[in-house]
Amino acid sequence: MVADTITVTSRKAGEEKAYTWQSDGLGEYTIGDYQNNDFARGTEVVVHVKQEEESYVDHFRLKHIVKSYSDHIAIPIYFIDETTSNEVQLNSASALWTRPKSQITEEQYKDFYKTLSYAVDDPWVTIHNRNEGTVEFTNLLFIPSTKTFDLFHPDRKRRVKLYIKRVFISDENIDLVPSYLRFLRGVVDSEDLPLNISRESLQHNKTLEKIKSAITTKVLGELKKKKDESIEEYSKFWSNFGAALKEGLCEATSDHDKLLEVCIFRSSLQEKMISLDEYISNFKDEQNTIYYLSGDNPAKLLSSPQIEGFLSKNIDVLLFTDTVDDFWVNVN
């Protein structure tokens, strides 16, 4: 705590009396009548900051805290300089994701993505929708058009931010999306989680599990749609994030079938990226096996003696060139 005492004074609309609540944060509090009659309707919170914590009343420190956690709440927050009486609004008091998609331009989506992610590229895909049912939440997610700088960092951090009723909660150690979707950027705003939820409660929370499942299904569905529309365009995405996606095939999840639907692999016969469905549709008579060859260099694999016999019979062999390929083929 940065304060030694907090005082809350409040008067309800239509009531004549105001009341004061006060606590030193040590476990007890007092409630009493407000002694003066000059208190208008509303609530006043006075934080008596400790002397050693005076940095928290600095204008720039306050602005940083407000921008980080309360930038998108609907109520404006002002800083009033007591020496000049100037009022400076600290938050934007708006949340782009709460507006209907029809009222948001492509440029506004791009600007929000760049501000949120500190990115210079434009998003490749924007996924904005409101989910209603057993769990209510809104997601505004972006798939970058270029490889993210921390994609293969050992921590495998996920960068989707959790908001509750427009208040930022955290983007650290929250299981909002699976690790193999860690390239996603954006926000998820929940209506069902309490604002005072603890970090410990976030670790194993059934509401978050349902949100994660819904987001995963939605993102994989969007990827399948993009792959089916143009595999050439989809190949650009795959070169950036395909290796991370295939990590999901190594994990104990129920998403394997959906993941395989969005995976593409290099064909040795066609010399392009193809899906497993396309490979299977080109099976030769009596062929019932998918053939593949692993290595780190496609050119070397194509010249390998192991592949010559198959190619001479016009049988396709998939080339697996990512390190993760050696793991997932042995799991599935």
# chains A, B, ... in the order shown; residues from 1 in each chain; ligands from 1
call {"tool": "residues_around", "arguments": {"residues": "region 202-212 of chain A", "least_positions_apart": "5", "cutoff": "7 Å", "atoms": "only C-alpha atoms", "output": "JSON, numbers by chain"}}
result
{"A": [135, 174, 176, 177]}
call {"tool": "write_last_selection", "arguments": {"atoms": "N, CA and C atoms", "output": "PDB file, in the first residue's frame"}}
result
ATOM      1  N   VAL A 135     -20.829 -17.673 -21.478  1.00  0.00           N
ATOM      2  CA  VAL A 135     -19.770 -16.722 -21.112  1.00  0.00           C
ATOM      3  C   VAL A 135     -19.840 -15.546 -22.070  1.00  0.00           C
ATOM      4  N   ILE A 174      -1.417 -15.409 -17.965  1.00  0.00           N
ATOM      5  CA  ILE A 174      -2.850 -15.666 -18.102  1.00  0.00           C
ATOM      6  C   ILE A 174      -3.063 -16.596 -19.286  1.00  0.00           C
ATOM      7  N   LEU A 176      -5.074 -17.232 -21.669  1.00  0.00           N
ATOM      8  CA  LEU A 176      -6.168 -16.780 -22.531  1.00  0.00           C
ATOM      9  C   LEU A 176      -6.147 -17.471 -23.887  1.00  0.00           C
ATOM     10  N   VAL A 177      -4.960 -17.745 -24.388  1.00  0.00           N
ATOM     11  CA  VAL A 177      -4.792 -18.436 -25.666  1.00  0.00           C
ATOM     12  C   VAL A 177      -3.706 -19.477 -25.485  1.00  0.00           C
TER      13      VAL A 177
END
call {"tool": "select_by_dssp", "arguments": {"residues": "region 273-322 of chain A", "states": "alpha helix (DSSP H)", "output": "list in words"}}
result
Leu276, Asp277, Glu278, Tyr279, Ile280, Ser281, Pro298, Ala299, Lys300, Leu301, Leu302, Pro305, Gln306, Ile307, Glu308, Gly309, Phe310, Leu311 and Ser312 of chain A
call {"tool": "select_by_dssp", "arguments": {"residues": "region 76-241 of chain A", "states": "strand (DSSP E)", "output": "JSON, numbers by chain"}}
result
{"A": [78, 79, 80, 87, 88, 89, 123, 124, 125, 126, 127, 128, 129, 130, 131, 137, 138, 139, 140, 141, 142, 143, 144, 159, 160, 161, 162, 163, 164, 167, 168, 169, 170, 185, 186, 187, 188, 189, 190]}
call {"tool": "closest_atom_pairs", "arguments": {"of": "region 48-127 of chain A", "to": "region 226-249 of chain A", "cutoff": "12 Å", "atoms": "only C-alpha atoms", "output": "CSV"}}
result
residue,atom,partner,partner_atom,distance
A:Pro123,CA,A:Phe237,CA,11.1
A:Trp124,CA,A:Phe237,CA,8.1
A:Val125,CA,A:Lys226,CA,9.1
A:Thr126,CA,A:Lys226,CA,11.9
call {"tool": "residues_around", "arguments": {"residues": "region 90-94 of chain A", "least_positions_apart": "6", "cutoff": "9 Å", "atoms": "only C-alpha atoms", "output": "JSON, numbers by chain"}}
result
{"A": [62, 63, 64, 66, 67, 70, 71, 72, 73, 74, 75, 76, 77, 78, 79, 166]}
call {"tool": "closest_residue", "arguments": {"among": "A:Leu276, A:Ile143, A:Ile164, A:Val188", "to": "Leu223 (chain A)", "atoms": "only C-alpha atoms"}}
result
A:Ile143
call {"tool": "closest_residue", "arguments": {"among": "A:Tyr291, A:Gln306, A:Glu251, A:Glu191", "to": "Phe327 (chain A)", "atoms": "only C-alpha atoms"}}
result
A:Glu251
call {"tool": "residues_around", "arguments": {"residues": "Val120 (chain A)", "least_positions_apart": "2", "cutoff": "12 Å", "atoms": "only C-alpha atoms", "output": "PDB file with N, CA, C and O atoms, in the first residue's frame"}}
result
ATOM      1  N   LYS A 110      -6.082  -0.571 -37.761  1.00  0.00           N
ATOM      2  CA  LYS A 110      -4.626  -0.563 -37.926  1.00  0.00           C
ATOM      3  C   LYS A 110      -3.944   0.285 -36.854  1.00  0.00           C
ATOM      4  O   LYS A 110      -2.932  -0.122 -36.270  1.00  0.00           O
ATOM      5  N   ASP A 111      -4.508   1.457 -36.599  1.00  0.00           N
ATOM      6  CA  ASP A 111      -3.919   2.352 -35.597  1.00  0.00           C
ATOM      7  C   ASP A 111      -3.964   1.716 -34.204  1.00  0.00           C
ATOM      8  O   ASP A 111      -3.000   1.808 -33.431  1.00  0.00           O
ATOM      9  N   PHE A 112      -5.082   1.063 -33.891  1.00  0.00           N
ATOM     10  CA  PHE A 112      -5.208   0.422 -32.578  1.00  0.00           C
ATOM     11  C   PHE A 112      -4.206  -0.719 -32.450  1.00  0.00           C
ATOM     12  O   PHE A 112      -3.559  -0.880 -31.403  1.00  0.00           O
ATOM     13  N   TYR A 113      -4.057  -1.509 -33.505  1.00  0.00           N
ATOM     14  CA  TYR A 113      -3.091  -2.613 -33.504  1.00  0.00           C
ATOM     15  C   TYR A 113      -1.677  -2.105 -33.261  1.00  0.00           C
ATOM     16  O   TYR A 113      -0.926  -2.658 -32.435  1.00  0.00           O
ATOM     17  N   LYS A 114      -1.304  -1.052 -33.947  1.00  0.00           N
ATOM     18  CA  LYS A 114       0.056  -0.535 -33.816  1.00  0.00           C
ATOM     19  C   LYS A 114       0.303   0.076 -32.445  1.00  0.00           C
ATOM     20  O   LYS A 114       1.383  -0.073 -31.869  1.00  0.00           O
ATOM     21  N   THR A 115      -0.709   0.747 -31.902  1.00  0.00           N
ATOM     22  CA  THR A 115      -0.578   1.329 -30.572  1.00  0.00           C
ATOM     23  C   THR A 115      -0.492   0.239 -29.513  1.00  0.00           C
ATOM     24  O   THR A 115       0.325   0.308 -28.592  1.00  0.00           O
ATOM     25  N   LEU A 116      -1.316  -0.767 -29.653  1.00  0.00           N
ATOM     26  CA  LEU A 116      -1.370  -1.853 -28.674  1.00  0.00           C
ATOM     27  C   LEU A 116      -0.117  -2.711 -28.692  1.00  0.00           C
ATOM     28  O   LEU A 116       0.395  -3.113 -27.643  1.00  0.00           O
ATOM     29  N   SER A 117       0.407  -2.965 -29.901  1.00  0.00           N
ATOM     30  CA  SER A 117       1.500  -3.930 -30.061  1.00  0.00           C
ATOM     31  C   SER A 117       2.863  -3.290 -30.237  1.00  0.00           C
ATOM     32  O   SER A 117       3.866  -4.006 -30.316  1.00  0.00           O
ATOM     33  N   TYR A 118       2.896  -1.961 -30.334  1.00  0.00           N
ATOM     34  CA  TYR A 118       4.150  -1.255 -30.648  1.00  0.00           C
ATOM     35  C   TYR A 118       4.754  -1.809 -31.931  1.00  0.00           C
ATOM     36  O   TYR A 118       5.964  -2.030 -32.045  1.00  0.00           O
ATOM     37  N   ASP A 122       1.179  -3.725 -40.650  1.00  0.00           N
ATOM     38  CA  ASP A 122      -0.279  -3.770 -40.583  1.00  0.00           C
ATOM     39  C   ASP A 122      -0.708  -5.187 -40.225  1.00  0.00           C
ATOM     40  O   ASP A 122      -0.014  -6.156 -40.544  1.00  0.00           O
ATOM     41  N   PRO A 123      -1.852  -5.344 -39.562  1.00  0.00           N
ATOM     42  CA  PRO A 123      -2.304  -6.706 -39.244  1.00  0.00           C
ATOM     43  C   PRO A 123      -2.689  -7.477 -40.500  1.00  0.00           C
ATOM     44  O   PRO A 123      -3.243  -6.913 -41.437  1.00  0.00           O
ATOM     45  N   PRO A 144      -0.345 -10.648 -36.862  1.00  0.00           N
ATOM     46  CA  PRO A 144       0.600  -9.753 -37.547  1.00  0.00           C
ATOM     47  C   PRO A 144       0.927 -10.248 -38.947  1.00  0.00           C
ATOM     48  O   PRO A 144       0.782 -11.433 -39.261  1.00  0.00           O
ATOM     49  N   SER A 145       1.389  -9.331 -39.775  1.00  0.00           N
ATOM     50  CA  SER A 145       1.788  -9.706 -41.134  1.00  0.00           C
ATOM     51  C   SER A 145       3.281 -10.019 -41.215  1.00  0.00           C
ATOM     52  O   SER A 145       3.752 -10.504 -42.244  1.00  0.00           O
ATOM     53  N   THR A 146       4.017  -9.746 -40.138  1.00  0.00           N
ATOM     54  CA  THR A 146       5.443 -10.089 -40.087  1.00  0.00           C
ATOM     55  C   THR A 146       5.716 -10.872 -38.809  1.00  0.00           C
ATOM     56  O   THR A 146       4.956 -10.780 -37.833  1.00  0.00           O
ATOM     57  N   LYS A 147       6.803 -11.629 -38.814  1.00  0.00           N
ATOM     58  CA  LYS A 147       7.136 -12.468 -37.664  1.00  0.00           C
ATOM     59  C   LYS A 147       7.414 -11.604 -36.438  1.00  0.00           C
ATOM     60  O   LYS A 147       8.145 -10.621 -36.506  1.00  0.00           O
ATOM     61  N   THR A 148       6.815 -11.961 -35.308  1.00  0.00           N
ATOM     62  CA  THR A 148       7.012 -11.209 -34.078  1.00  0.00           C
ATOM     63  C   THR A 148       8.413 -11.474 -33.517  1.00  0.00           C
ATOM     64  O   THR A 148       8.949 -12.572 -33.659  1.00  0.00           O
ATOM     65  N   PHE A 149       8.967 -10.467 -32.856  1.00  0.00           N
ATOM     66  CA  PHE A 149      10.372 -10.535 -32.430  1.00  0.00           C
ATOM     67  C   PHE A 149      10.618 -11.613 -31.378  1.00  0.00           C
ATOM     68  O   PHE A 149      11.723 -12.145 -31.270  1.00  0.00           O
TER      69      PHE A 149
END
call {"tool": "closest_residue", "arguments": {"among": "A:Ser179, A:Thr134, A:Thr9, A:Asn36", "to": "Leu151 (chain A)", "atoms": "only C-alpha atoms"}}
result
A:Ser179
call {"tool": "closest_residue", "arguments": {"among": "A:Thr83, A:Lys161, A:Ala3, A:Thr43", "to": "Thr20 (chain A)", "atoms": "only C-alpha atoms"}}
result
A:Thr43
call {"tool": "residues_around", "arguments": {"residues": "Leu162 (chain A)", "least_positions_apart": "2", "cutoff": "12 Å", "atoms": "only C-alpha atoms", "output": "ChimeraX atom specification"}}
result
/A:69,137-141,158-160,164-177,185-191,193,195,197,199,202,208,211-212
call {"tool": "closest_residue", "arguments": {"among": "A:Ser213, A:Ser201, A:Asn288, A:Thr7", "to": "Glu44 (chain A)", "atoms": "only C-alpha atoms"}}
result
A:Thr7
call {"tool": "residues_around", "arguments": {"residues": "Leu319 (chain A)", "least_positions_apart": "3", "cutoff": "8 Å", "atoms": "only C-alpha atoms", "output": "list in words"}}
result
Phe265, Arg266, Ser267, Ser268, Tyr292, Leu293, Ser294, Gly295, Pro298 and Leu301 of chain A
